[in-house]
$ cat target.csv   # CSV, C-alpha atoms
chain,number,residue,atom,x,y,z
U,1,MET,CA,118.2,0.5,108.1
U,2,SER,CA,114.5,0.2,107.3
U,3,PRO,CA,112.9,-3.3,107.1
U,4,LYS,CA,112.4,-2.7,103.4
U,5,ASN,CA,116.0,-1.8,102.7
U,6,LEU,CA,117.3,-4.6,105.0
U,7,SER,CA,115.2,-7.2,103.2
U,8,GLU,CA,116.5,-5.9,99.8
U,9,GLU,CA,120.0,-6.2,101.0
U,10,LEU,CA,119.4,-9.8,102.2
U,11,PHE,CA,118.2,-10.8,98.7
U,12,LYS,CA,121.5,-10.3,97.0
U,13,PRO,CA,122.9,-13.7,96.0
U,14,ARG,CA,125.8,-14.9,98.3
U,15,PHE,CA,127.6,-18.1,98.3
U,16,LYS,CA,130.0,-18.0,101.2
U,17,HIS,CA,127.5,-18.8,104.0
U,18,PRO,CA,127.4,-22.4,105.3
U,19,GLU,CA,124.3,-24.3,104.3
U,20,THR,CA,122.0,-25.2,107.2
U,21,SER,CA,122.3,-29.0,107.0
U,22,SER,CA,126.1,-28.8,107.2
U,23,LEU,CA,126.3,-26.9,110.5
U,24,VAL,CA,125.9,-29.9,112.8
U,25,ARG,CA,128.7,-32.4,112.1
U,26,ARG,CA,127.0,-35.6,113.3
U,27,VAL,CA,127.1,-38.9,111.3
U,28,HIS,CA,123.9,-38.7,109.2
U,29,HIS,CA,122.2,-42.0,108.5
U,30,HIS,CA,119.4,-40.8,106.1
U,31,ARG,CA,116.9,-43.1,107.8
U,32,PRO,CA,114.1,-44.1,105.3
U,33,LEU,CA,111.4,-44.2,108.0
U,34,ASN,CA,108.8,-41.5,107.5
U,35,ILE,CA,107.5,-39.7,110.5
U,36,ASN,CA,104.1,-38.1,110.6
U,37,SER,CA,103.3,-35.9,113.6
U,38,THR,CA,100.6,-33.2,114.1
U,39,LEU,CA,103.0,-30.9,116.1
U,40,ASP,CA,106.1,-31.6,114.1
U,41,GLY,CA,105.0,-32.4,110.6
U,42,GLU,CA,106.2,-35.0,108.2
U,43,SER,CA,109.7,-36.2,107.3
U,44,HIS,CA,110.4,-37.2,103.7
U,45,ALA,CA,113.3,-39.0,102.3
U,46,GLY,CA,114.1,-36.1,99.9
U,47,TRP,CA,114.1,-33.4,102.5
U,48,TYR,CA,116.4,-32.5,105.4
U,49,ARG,CA,113.8,-30.4,107.2
U,50,MET,CA,110.5,-31.8,108.5
U,51,ILE,CA,107.6,-30.3,106.5
U,52,ASN,CA,104.9,-29.1,108.8
U,53,ARG,CA,102.0,-28.1,106.5
U,54,LEU,CA,99.3,-28.4,109.2
U,55,LEU,CA,101.0,-26.1,111.8
U,56,TRP,CA,102.2,-23.6,109.1
U,57,ALA,CA,98.6,-23.4,107.8
U,58,TRP,CA,97.3,-23.0,111.3
U,59,ARG,CA,99.5,-20.0,111.7
U,60,GLY,CA,98.0,-18.4,108.6
U,61,LEU,CA,99.9,-19.6,105.5
U,62,THR,CA,97.8,-21.1,102.7
U,63,PRO,CA,98.4,-24.7,101.5
U,64,GLN,CA,98.9,-23.2,98.0
U,65,GLU,CA,101.6,-20.8,99.1
U,66,ILE,CA,103.4,-23.5,101.0
U,67,SER,CA,103.4,-25.8,98.0
U,68,GLU,CA,104.6,-23.0,95.7
U,69,VAL,CA,107.6,-22.2,97.8
U,70,LEU,CA,108.5,-25.8,98.3
U,71,ALA,CA,108.2,-26.4,94.6
U,72,ARG,CA,110.7,-23.5,93.9
U,73,ILE,CA,113.1,-25.2,96.3
U,74,ALA,CA,112.5,-28.7,94.9
U,75,VAL,CA,113.2,-27.8,91.2
U,76,SER,CA,116.6,-26.0,91.8
U,77,ARG,CA,119.5,-27.7,90.0
U,78,VAL,CA,122.3,-25.7,91.5
U,79,GLU,CA,124.9,-27.1,93.9
U,80,HIS,CA,123.5,-28.9,97.0
U,81,THR,CA,125.3,-30.0,100.2
U,82,ASP,CA,123.7,-33.4,99.6
U,83,ASP,CA,122.2,-34.2,96.2
U,84,ARG,CA,119.7,-36.5,97.9
U,85,LEU,CA,118.1,-33.6,99.9
U,86,LEU,CA,116.2,-30.9,98.1
U,87,ASP,CA,116.5,-28.2,100.7
U,88,THR,CA,120.3,-28.1,100.9
U,89,VAL,CA,121.1,-25.6,98.2
U,90,ILE,CA,124.4,-23.9,98.9
U,91,GLY,CA,124.5,-20.1,98.9
U,92,TYR,CA,121.8,-17.5,99.4
U,93,ARG,CA,120.2,-17.7,96.0
U,94,SER,CA,117.2,-19.2,94.2
U,95,GLY,CA,116.4,-22.7,95.5
U,96,ASN,CA,117.9,-22.1,98.9
U,97,TRP,CA,115.4,-22.6,101.8
U,98,ILE,CA,116.1,-19.4,103.6
U,99,TYR,CA,116.2,-17.4,100.4
U,100,GLU,CA,112.9,-18.6,99.0
U,101,TRP,CA,110.9,-18.2,102.2
U,102,SER,CA,112.4,-14.8,102.9
U,103,LYS,CA,111.6,-13.7,99.3
U,104,GLN,CA,108.0,-14.8,99.9
U,105,GLY,CA,108.0,-12.8,103.2
U,106,ALA,CA,109.3,-9.7,101.4
U,107,GLN,CA,106.4,-9.8,99.0
U,108,TRP,CA,103.9,-9.7,101.9
U,109,GLN,CA,106.0,-7.0,103.6
U,110,GLN,CA,105.7,-4.9,100.5
U,111,LYS,CA,102.0,-5.4,100.4
U,112,ALA,CA,101.8,-4.4,104.1
U,113,SER,CA,103.8,-1.3,103.5
U,114,GLU,CA,101.6,-0.1,100.7
U,115,CYS,CA,98.3,-1.0,102.3
U,116,GLU,CA,96.3,2.0,103.7
U,117,ASP,CA,93.9,-0.1,105.8
U,118,ASP,CA,95.6,-0.4,109.2
U,119,LEU,CA,93.9,-3.8,110.1
U,120,LEU,CA,94.6,-5.3,106.7
U,121,SER,CA,98.2,-4.0,106.8
U,122,GLY,CA,98.6,-5.7,110.2
U,123,GLN,CA,97.4,-9.0,108.8
U,124,TYR,CA,99.9,-8.7,105.9
U,125,TRP,CA,102.7,-7.9,108.3
U,126,LEU,CA,101.8,-11.0,110.4
U,127,HIS,CA,101.8,-13.1,107.2
U,128,ALA,CA,105.3,-11.8,106.4
U,129,ALA,CA,106.4,-12.5,110.0
U,130,ASN,CA,105.3,-16.2,109.6
U,131,LEU,CA,107.2,-16.5,106.4
U,132,TYR,CA,110.4,-14.9,107.7
U,133,SER,CA,110.2,-17.2,110.7
U,134,LEU,CA,109.9,-20.2,108.5
U,135,ALA,CA,112.9,-19.1,106.5
U,136,GLY,CA,115.0,-19.4,109.7
U,137,TYR,CA,113.6,-22.8,110.7
U,138,PRO,CA,115.0,-24.9,112.4
U,139,TYR,CA,117.2,-22.0,113.9
U,140,LEU,CA,120.5,-23.8,114.2
U,141,LYS,CA,123.3,-22.0,115.9
U,142,GLU,CA,125.8,-20.2,113.6
U,143,ASP,CA,123.3,-20.1,110.8
U,144,GLU,CA,123.9,-16.4,109.9
U,145,LEU,CA,121.3,-16.2,107.2
U,146,ALA,CA,118.7,-17.8,109.5
U,147,GLU,CA,119.5,-15.2,112.2
U,148,GLN,CA,118.9,-12.4,109.7
U,149,ALA,CA,115.5,-14.0,108.8
U,150,GLN,CA,114.6,-14.1,112.5
U,151,LEU,CA,115.4,-10.4,112.7
U,152,LEU,CA,113.0,-9.7,109.9
U,153,ALA,CA,110.4,-11.9,111.5
U,154,ASN,CA,110.6,-10.0,114.8
U,155,ARG,CA,110.4,-6.6,113.0
U,156,ALA,CA,107.4,-7.7,111.0
U,157,TYR,CA,105.7,-9.1,114.1
U,158,GLN,CA,106.1,-5.8,115.9
U,159,GLU,CA,104.6,-4.0,112.9
U,160,ALA,CA,101.7,-6.5,112.8
U,161,THR,CA,100.8,-6.4,116.5
U,162,SER,CA,100.8,-2.6,116.6
U,163,ARG,CA,97.9,-2.8,114.1
U,164,LEU,CA,96.0,-5.9,115.2
U,165,SER,CA,93.6,-6.3,118.1
U,166,GLY,CA,95.0,-6.4,121.6
U,167,GLU,CA,98.2,-4.8,122.8
U,168,LEU,CA,101.8,-6.0,122.7
U,169,ARG,CA,104.5,-4.9,125.2
U,170,GLU,CA,108.1,-5.9,125.0
U,171,LEU,CA,109.3,-6.7,128.5
U,172,THR,CA,113.0,-7.0,129.5
U,173,PHE,CA,113.8,-9.4,132.3
U,174,ASN,CA,117.2,-9.3,134.1
U,175,ILE,CA,118.8,-12.7,134.5
U,176,PRO,CA,121.6,-13.3,137.1
U,177,ASP,CA,125.1,-13.6,135.7
U,178,GLY,CA,124.1,-13.0,132.1
U,179,SER,CA,122.3,-11.1,129.5
U,180,PRO,CA,118.7,-10.0,130.0
U,181,VAL,CA,116.0,-11.6,127.9
U,182,THR,CA,113.0,-10.1,126.1
U,183,GLY,CA,109.5,-11.4,126.4
U,184,PHE,CA,106.3,-10.4,124.6
U,185,LEU,CA,103.2,-9.7,126.7
U,186,HIS,CA,100.1,-9.9,124.6
U,187,MET,CA,97.1,-8.2,126.4
U,188,PRO,CA,93.5,-8.9,125.4
U,189,PRO,CA,91.2,-6.1,124.3
U,190,GLY,CA,88.1,-5.1,126.3
U,191,VAL,CA,89.5,-6.3,129.6
U,192,SER,CA,91.1,-4.3,132.4
U,193,ALA,CA,94.5,-5.0,133.8
U,194,PRO,CA,95.9,-6.8,135.7
U,195,TYR,CA,95.2,-9.8,133.5
U,196,PRO,CA,95.2,-13.5,134.3
U,197,THR,CA,98.2,-14.7,132.3
U,198,VAL,CA,99.5,-17.8,130.6
U,199,MET,CA,103.2,-18.0,130.0
U,200,LEU,CA,103.9,-20.0,126.9
U,201,CYS,CA,106.8,-22.4,126.8
U,202,ALA,CA,107.2,-23.3,123.1
U,203,ASN,CA,109.1,-26.0,121.3
U,204,LEU,CA,112.7,-25.8,120.3
U,205,ASP,CA,111.7,-25.2,116.6
U,206,SER,CA,109.7,-22.1,117.0
U,207,LEU,CA,110.0,-18.3,117.8
U,208,GLN,CA,107.9,-16.0,119.9
U,209,SER,CA,106.4,-14.5,116.8
U,210,ASP,CA,104.9,-17.9,115.8
U,211,HIS,CA,102.1,-17.8,118.4
U,212,TYR,CA,99.8,-14.9,117.7
U,213,ARG,CA,96.9,-17.1,116.7
U,214,LEU,CA,97.1,-18.9,120.0
U,215,PHE,CA,96.6,-15.5,121.7
U,216,HIS,CA,94.1,-14.1,119.3
U,217,ASP,CA,91.8,-17.1,118.7
U,218,TYR,CA,92.0,-19.0,122.0
U,219,LEU,CA,93.3,-16.9,125.0
U,220,ALA,CA,92.2,-13.3,124.2
U,221,PRO,CA,88.5,-14.2,123.8
U,222,ARG,CA,88.7,-15.7,127.3
U,223,GLY,CA,90.2,-12.5,128.8
U,224,ILE,CA,93.7,-14.1,129.3
U,225,ALA,CA,97.0,-12.4,128.5
U,226,MET,CA,99.8,-14.4,126.9
U,227,LEU,CA,103.5,-14.0,127.8
U,228,THR,CA,106.0,-15.5,125.4
U,229,LEU,CA,109.6,-16.2,126.1
U,230,ASP,CA,112.1,-17.9,123.7
U,231,VAL,CA,113.6,-21.2,124.9
U,232,PRO,CA,117.3,-20.9,125.9
U,233,SER,CA,119.5,-20.9,122.7
U,234,VAL,CA,116.7,-19.6,120.4
U,235,GLY,CA,115.6,-16.1,119.3
U,236,PHE,CA,115.8,-13.5,122.0
U,237,SER,CA,117.3,-16.1,124.4
U,238,ALA,CA,120.0,-17.2,122.0
U,239,LYS,CA,122.8,-16.0,124.3
U,240,TRP,CA,121.8,-18.6,126.9
U,241,LYS,CA,122.8,-22.2,126.5
U,242,LEU,CA,120.2,-24.9,127.0
U,243,THR,CA,121.1,-26.9,130.1
U,244,HIS,CA,119.5,-29.7,132.1
U,245,ASP,CA,118.1,-26.8,134.3
U,246,SER,CA,115.8,-26.2,131.3
U,247,SER,CA,113.4,-23.9,133.3
U,248,PHE,CA,116.2,-21.5,134.4
U,249,LEU,CA,115.1,-18.5,132.3
U,250,HIS,CA,111.4,-19.0,132.7
U,251,GLN,CA,111.8,-19.4,136.5
U,252,HIS,CA,113.5,-16.0,136.8
U,253,VAL,CA,110.9,-14.4,134.6
U,254,LEU,CA,108.1,-16.0,136.7
U,255,ARG,CA,109.6,-14.5,139.9
U,256,GLN,CA,109.6,-11.0,138.3
U,257,LEU,CA,106.0,-11.0,137.3
U,258,GLU,CA,105.0,-9.4,140.6
U,259,GLN,CA,106.7,-6.3,139.3
U,260,VAL,CA,104.7,-6.2,136.0
U,261,ALA,CA,101.7,-4.0,136.5
U,262,TRP,CA,99.7,-5.6,133.7
U,263,VAL,CA,100.0,-9.2,135.1
U,264,ASP,CA,97.9,-10.6,137.9
U,265,HIS,CA,100.8,-12.6,139.4
U,266,THR,CA,98.3,-14.5,141.6
U,267,ARG,CA,96.7,-16.0,138.5
U,268,VAL,CA,99.4,-17.3,136.3
U,269,GLY,CA,99.5,-20.6,134.4
U,270,VAL,CA,102.0,-22.2,132.0
U,271,PHE,CA,101.3,-23.9,128.7
U,272,GLY,CA,104.1,-26.0,127.3
U,273,PHE,CA,104.4,-27.6,123.8
U,274,ARG,CA,106.8,-30.5,123.2
U,275,PHE,CA,110.1,-29.6,124.8
U,276,GLY,CA,108.4,-26.6,126.3
U,277,ALA,CA,106.4,-29.0,128.4
U,278,ASN,CA,109.7,-30.0,130.0
U,279,ILE,CA,110.1,-26.4,131.1
U,280,ALA,CA,106.5,-26.1,132.2
U,281,VAL,CA,106.4,-29.3,134.3
U,282,ARG,CA,109.8,-28.4,135.9
U,283,LEU,CA,108.3,-25.1,136.9
U,284,ALA,CA,105.4,-26.8,138.5
U,285,TYR,CA,107.8,-28.6,140.9
U,286,LEU,CA,110.1,-25.7,141.5
U,287,GLU,CA,107.6,-22.8,141.8
U,288,PRO,CA,104.3,-24.3,142.9
U,289,GLN,CA,103.4,-21.2,145.0
U,290,ARG,CA,103.5,-19.0,141.9
U,291,LEU,CA,101.5,-21.2,139.5
U,292,ARG,CA,97.8,-22.0,139.3
U,293,ALA,CA,98.1,-24.6,136.6
U,294,VAL,CA,100.3,-26.2,134.0
U,295,ALA,CA,99.0,-27.5,130.6
U,296,CYS,CA,101.1,-29.6,128.2
U,297,LEU,CA,100.7,-30.8,124.7
U,298,GLY,CA,102.8,-33.6,123.2
U,299,PRO,CA,105.3,-33.3,126.1
U,300,ILE,CA,108.9,-34.3,125.9
U,301,VAL,CA,109.8,-35.0,129.6
U,302,HIS,CA,111.5,-38.4,129.7
U,303,SER,CA,111.1,-41.1,126.9
U,304,LEU,CA,112.7,-39.4,123.9
U,305,LEU,CA,115.4,-38.0,126.2
U,306,SER,CA,116.5,-41.4,127.6
U,307,ASP,CA,115.3,-44.1,125.1
U,308,THR,CA,117.9,-44.6,122.3
U,309,ALA,CA,115.4,-46.7,120.3
U,310,LEU,CA,113.1,-43.7,120.1
U,311,GLN,CA,116.0,-41.4,119.3
U,312,ASP,CA,116.9,-43.7,116.4
U,313,ARG,CA,113.5,-43.3,114.9
U,314,ILE,CA,113.2,-39.5,114.7
U,315,PRO,CA,114.5,-37.5,111.8
U,316,GLU,CA,118.1,-36.3,111.5
U,317,MET,CA,117.0,-32.7,111.5
U,318,TYR,CA,115.5,-33.1,115.0
U,319,MET,CA,118.6,-34.7,116.4
U,320,ASP,CA,120.7,-32.0,114.7
U,321,MET,CA,118.5,-29.4,116.4
U,322,LEU,CA,118.9,-30.9,119.8
U,323,ALA,CA,122.7,-31.1,119.3
U,324,SER,CA,122.8,-27.5,118.2
U,325,ARG,CA,120.7,-26.3,121.2
U,326,LEU,CA,123.1,-28.1,123.6
U,327,GLY,CA,126.2,-26.7,121.9
U,328,MET,CA,127.2,-30.2,120.8
U,329,SER,CA,127.4,-29.7,117.1
U,330,SER,CA,130.7,-31.5,116.7
U,331,THR,CA,130.4,-34.2,119.4
U,332,SER,CA,129.6,-37.9,119.0
U,333,ASP,CA,126.1,-39.3,119.1
U,334,SER,CA,127.0,-41.3,122.3
U,335,ALA,CA,128.0,-38.1,124.1
U,336,LEU,CA,124.8,-36.4,122.8
U,337,ARG,CA,122.6,-39.2,124.1
U,338,ILE,CA,124.2,-39.0,127.6
U,339,GLU,CA,123.6,-35.3,127.7
U,340,LEU,CA,120.0,-35.7,126.6
U,341,SER,CA,119.3,-38.1,129.4
U,342,ARG,CA,120.1,-35.4,131.9
U,343,PHE,CA,117.0,-33.5,130.8
U,344,SER,CA,114.7,-36.4,131.8
U,345,LEU,CA,112.5,-35.1,134.6
U,346,LYS,CA,112.2,-38.7,135.9
U,347,LEU,CA,115.9,-39.1,136.1
U,348,GLN,CA,116.2,-35.7,137.8
U,349,GLY,CA,113.9,-37.1,140.5
U,350,LEU,CA,111.0,-34.7,139.8
U,351,LEU,CA,108.4,-36.4,137.7
U,352,GLY,CA,106.8,-39.2,139.7
U,353,ARG,CA,106.8,-37.2,142.9
U,354,ARG,CA,103.5,-35.7,144.0
U,355,CYS,CA,103.0,-32.1,142.6
U,356,THR,CA,100.5,-29.7,144.1
U,357,VAL,CA,100.0,-27.8,140.9
U,358,PRO,CA,97.0,-29.0,138.7
U,359,MET,CA,98.5,-30.4,135.5
U,360,LEU,CA,96.8,-31.3,132.2
U,361,SER,CA,98.5,-33.2,129.4
U,362,GLY,CA,97.2,-33.7,125.8
U,363,TYR,CA,98.6,-36.4,123.6
U,364,TRP,CA,98.1,-38.2,120.3
U,365,ALA,CA,98.2,-42.0,120.1
U,366,ASN,CA,101.4,-43.4,118.5
U,367,ASP,CA,103.1,-40.0,118.7
U,368,PRO,CA,106.8,-40.7,117.7
U,369,PHE,CA,108.1,-37.9,119.9
U,370,SER,CA,105.8,-38.3,123.0
U,371,PRO,CA,104.4,-41.7,123.9
U,372,GLU,CA,101.1,-41.7,125.8
U,373,GLU,CA,103.0,-42.7,128.9
U,374,GLU,CA,104.6,-39.3,129.0
U,375,SER,CA,101.3,-37.6,129.5
U,376,ARG,CA,100.0,-40.2,131.9
U,377,SER,CA,103.1,-39.7,134.1
U,378,ILE,CA,102.5,-36.0,134.2
U,379,VAL,CA,98.8,-36.2,135.2
U,380,ASN,CA,99.4,-39.0,137.6
U,381,SER,CA,102.0,-36.9,139.4
U,382,SER,CA,99.6,-34.1,140.0
U,383,VAL,CA,97.1,-33.9,142.9
U,384,SER,CA,94.6,-32.7,140.2
U,385,GLY,CA,95.6,-34.1,136.9
U,386,LYS,CA,93.7,-34.3,133.6
U,387,LEU,CA,94.5,-36.5,130.6
U,388,LEU,CA,93.4,-35.2,127.2
U,389,PRO,CA,93.6,-37.7,124.3
U,390,ILE,CA,93.4,-36.0,120.9
U,391,LYS,CA,92.3,-38.0,117.8
U,392,PRO,CA,94.7,-37.8,114.9
U,393,SER,CA,92.0,-37.3,112.2
U,394,PRO,CA,90.7,-34.9,111.0
U,395,SER,CA,94.0,-33.4,112.2
U,396,MET,CA,93.2,-29.7,111.9
U,397,ASN,CA,89.8,-29.9,113.5
U,398,ASN,CA,91.0,-32.0,116.4
U,399,PHE,CA,94.0,-29.8,117.0
U,400,ASP,CA,91.7,-26.8,117.2
U,401,ARG,CA,89.3,-28.6,119.5
U,402,GLY,CA,92.2,-29.7,121.7
U,403,LEU,CA,93.5,-26.1,122.1
U,404,HIS,CA,90.0,-24.9,123.0
U,405,ASP,CA,89.7,-27.7,125.6
U,406,ILE,CA,93.1,-26.8,127.1
U,407,CYS,CA,92.3,-23.1,127.2
U,408,ASP,CA,88.9,-23.8,128.8
U,409,TRP,CA,90.7,-25.9,131.5
U,410,LEU,CA,93.2,-23.1,132.0
U,411,VAL,CA,90.4,-20.5,132.5
U,412,ARG,CA,88.8,-22.7,135.2
U,413,GLN,CA,92.1,-23.1,137.0
U,414,LEU,CA,93.0,-19.4,136.8
U,415,SER,CA,89.5,-18.5,138.1
U,416,ALA,CA,89.3,-20.9,141.0
$ encode --input "target.csv" --output "structure tokens"
Amino acid sequence: MSPKNLSEELFKPRFKHPETSSLVRRVHHHRPLNINSTLDGESHAGWYRMINRLLWAWRGLTPQEISEVLARIAVSRVEHTDDRLLDTVIGYRSGNWIYEWSKQGAQWQQKASECEDDLLSGQYWLHAANLYSLAGYPYLKEDELAEQAQLLANRAYQEATSRLSGELRELTFNIPDGSPVTGFLHMPPGVSAPYPTVMLCANLDSLQSDHYRLFHDYLAPRGIAMLTLDVPSVGFSAKWKLTHDSSFLHQHVLRQLEQVAWVDHTRVGVFGFRFGANIAVRLAYLEPQRLRAVACLGPIVHSLLSDTALQDRIPEMYMDMLASRLGMSSTSDSALRIELSRFSLKLQGLLGRRCTVPMLSGYWANDPFSPEEESRSIVNSSVSGKLLPIKPSPSMNNFDRGLHDICDWLVRQLSA
């Protein structure tokens, strides 16, 4: 079935699918505390999902378009799972989160299909991919409509990258005792292979298709390839459960890079966002001979995983997402907290030991997900650590500057 026909099929109203916020059966407390985080967005009393305008705009969506889609969701008066939460419309129809963002994505997909300019068509396809990805957010397990939106996002992303600068190759990596996983290798234009490569370890609330700008604007101009891999339990790695051995998939992929002709396996670094930093730092300890550097941004390596006071202050959606990733959608909060503590790299006996891999960690002051001490622990554990404070305002400019600083540091490490 073509992407066009598939999207048309998806837009038929349906009412039997479970609504996203009902998939994790925890006790929801509707905490009134508002959270504002550069990497995660804002929590609002009237929304189940965190609204991440800055990051969505950074990926390429306009503030006006974001506001328009949110407004369509907010004005819906049909049945909700929870009348206090605007984005809980039941059924795949007008007002439903997945429906509205997918509908918006289909409009850009149509423009892309009709556009005769290859580069412009690629930009339209990328825009559609970002919208479809947002439709599936936060990618909870057993969310059938979200899974269909992810399928559309991946198809649109493949259409986009075939037209935009650089080259994308889908790579399949065999994993012992389970399903293989698919990674995307983005290769910079104007540079000869094999490339120095950064493996991206993203957060739990993103897909591989969300990171083209990181490649295009920051890594490709520096002659660096980017390899993406979904975190266990998400996207192309959905068949793998997230366990306290969080770096399991990435470690096996790292070991196979010697067999990838386009990658200079002697010059590989890792960049981890949020929970992805947990994977990245773990790799630094387990595979130091294969890594030149590890960079982190807003890392989650200990505090949020072990401090119940911090857990009580973050939004319900984030705790639901963690429960879903761990396959604990129907268990008690106490059991979830115990399981989360097993992901702490300090409690695993890793973080705090001397690590031979150079590590950088960027942080924001008063970050509700990643206290400054997280980053200090990482850089103090490295024989060559670098701490990168990022000012909260102006948020977009400082986020951009922080990414440039991190990529400059990675270039120096990969060139050493």
$ atom_distance --input "target.csv" --atom1 "atom CA of U:Val24" --atom2 "atom CA of U:Gly276"
22.3 Å
$ atom_distance --input "target.csv" --atom1 "atom CA of U:Asn397" --atom2 "atom CA of U:Gly298"
16.6 Å
$ closest_residue --input "target.csv" --among "U:Thr81, U:Ser246, U:Ser67, U:Thr161" --to "U:Cys201" --atoms "all atoms listed in the file"
U:Ser246
$ closest_residue --input "target.csv" --among "U:Thr88, U:Gln109, U:Thr62, U:Ser381" --to "U:Arg353" --atoms "only C-alpha atoms"
U:Ser381
$ residues_around --input "target.csv" --residues "U:Val198" --least-positions-apart "6" --cutoff "9 Å" --atoms "all atoms listed in the file" --output "PyMOL selection string"
chain U and resi 219+224-228+267-271+410
$ write_last_selection --input "target.csv" --atoms "C-alpha atoms" --output "PDB file, in the frame of the given file"
ATOM      1  CA  LEU U 219      93.300 -16.900 125.000  1.00  0.00           C
ATOM      2  CA  ILE U 224      93.700 -14.100 129.300  1.00  0.00           C
ATOM      3  CA  ALA U 225      97.000 -12.400 128.500  1.00  0.00           C
ATOM      4  CA  MET U 226      99.800 -14.400 126.900  1.00  0.00           C
ATOM      5  CA  LEU U 227     103.500 -14.000 127.800  1.00  0.00           C
ATOM      6  CA  THR U 228     106.000 -15.500 125.400  1.00  0.00           C
ATOM      7  CA  ARG U 267      96.700 -16.000 138.500  1.00  0.00           C
ATOM      8  CA  VAL U 268      99.400 -17.300 136.300  1.00  0.00           C
ATOM      9  CA  GLY U 269      99.500 -20.600 134.400  1.00  0.00           C
ATOM     10  CA  VAL U 270     102.000 -22.200 132.000  1.00  0.00           C
ATOM     11  CA  PHE U 271     101.300 -23.900 128.700  1.00  0.00           C
ATOM     12  CA  LEU U 410      93.200 -23.100 132.000  1.00  0.00           C
TER      13      LEU U 410
END
$ closest_residue --input "target.csv" --among "U:Ser370, U:Gln64, U:Thr356, U:Ser133" --to "U:Ser303" --atoms "all atoms listed in the file"
U:Ser370
$ residues_around --input "target.csv" --residues "U:Ala365" --least-positions-apart "3" --cutoff "9 Å" --atoms "only C-alpha atoms" --output "ChimeraX atom specification"
/U:370-372,389-392
$ atom_distance --input "target.csv" --atom1 "atom CA of U:Gln107" --atom2 "atom CA of U:His44"
28.1 Å
$ residues_around --input "target.csv" --residues "U:Leu336" --least-positions-apart "5" --cutoff "10 Å" --atoms "only C-alpha atoms" --output "PyMOL selection string"
chain U and resi 26+319+322-323+326-331+341
$ residues_around --input "target.csv" --residues "stretch 278-289 of chain U" --least-positions-apart "6" --cutoff "8 Å" --atoms "only C-alpha atoms" --output "PyMOL selection string"
chain U and resi 201+246-247+250-251+270-272+295-296+299-301+345+350+355-357+378
$ residues_around --input "target.csv" --residues "U:Lys386" --least-positions-apart "6" --cutoff "8 Å" --atoms "all atoms listed in the file" --output "PyMOL selection string"
chain U and resi 359-361+379
$ closest_atom_pairs --input "target.csv" --of "stretch 183-290 of chain U" --to "stretch 151-154 of chain U" --cutoff "10 Å" --atoms "only C-alpha atoms" --output "CSV"
residue,atom,partner,partner_atom,distance
U:Leu207,CA,U:Asn154,CA,8.8
U:Gln208,CA,U:Asn154,CA,8.3
U:Ser209,CA,U:Asn154,CA,6.5
U:Asp210,CA,U:Ala153,CA,9.2
U:Gly235,CA,U:Leu151,CA,8.7
U:Phe236,CA,U:Asn154,CA,9.5
$ closest_residue --input "target.csv" --among "U:Thr38, U:Ala45, U:Ile175, U:Ala238" --to "U:Trp364" --atoms "only C-alpha atoms"
U:Thr38
$ closest_residue --input "target.csv" --among "U:Ala293, U:Cys115, U:Val411, U:Leu85" --to "U:Val383" --atoms "only C-alpha atoms"
U:Ala293
$ decode --input "target.csv" --residues "stretch 96-102 of chain U" --atoms "N, CA, C and O atoms" --output "PDB file, in the first residue's frame"
ATOM      1  N   ASN U  96      -8.617  14.132  18.515  1.00  0.00           N
ATOM      2  CA  ASN U  96      -7.681  13.138  19.040  1.00  0.00           C
ATOM      3  C   ASN U  96      -6.255  13.542  18.661  1.00  0.00           C
ATOM      4  O   ASN U  96      -5.992  13.942  17.530  1.00  0.00           O
ATOM      5  N   TRP U  97      -5.337  13.428  19.606  1.00  0.00           N
ATOM      6  CA  TRP U  97      -3.947  13.863  19.400  1.00  0.00           C
ATOM      7  C   TRP U  97      -3.331  13.215  18.155  1.00  0.00           C
ATOM      8  O   TRP U  97      -2.785  13.893  17.294  1.00  0.00           O
ATOM      9  N   ILE U  98      -3.422  11.896  18.058  1.00  0.00           N
ATOM     10  CA  ILE U  98      -2.786  11.183  16.950  1.00  0.00           C
ATOM     11  C   ILE U  98      -3.446  11.563  15.632  1.00  0.00           C
ATOM     12  O   ILE U  98      -2.772  11.769  14.612  1.00  0.00           O
ATOM     13  N   TYR U  99      -4.753  11.697  15.636  1.00  0.00           N
ATOM     14  CA  TYR U  99      -5.484  12.058  14.419  1.00  0.00           C
ATOM     15  C   TYR U  99      -5.061  13.435  13.913  1.00  0.00           C
ATOM     16  O   TYR U  99      -4.781  13.609  12.717  1.00  0.00           O
ATOM     17  N   GLU U 100      -5.028  14.420  14.806  1.00  0.00           N
ATOM     18  CA  GLU U 100      -4.775  15.791  14.359  1.00  0.00           C
ATOM     19  C   GLU U 100      -3.349  15.974  13.835  1.00  0.00           C
ATOM     20  O   GLU U 100      -3.131  16.620  12.815  1.00  0.00           O
ATOM     21  N   TRP U 101      -2.356  15.400  14.510  1.00  0.00           N
ATOM     22  CA  TRP U 101      -0.986  15.538  14.028  1.00  0.00           C
ATOM     23  C   TRP U 101      -0.764  14.717  12.757  1.00  0.00           C
ATOM     24  O   TRP U 101      -0.028  15.134  11.857  1.00  0.00           O
ATOM     25  N   SER U 102      -1.411  13.549  12.656  1.00  0.00           N
ATOM     26  CA  SER U 102      -1.302  12.751  11.436  1.00  0.00           C
ATOM     27  C   SER U 102      -1.970  13.454  10.258  1.00  0.00           C
ATOM     28  O   SER U 102      -1.456  13.441   9.131  1.00  0.00           O
TER      29      SER U 102
END
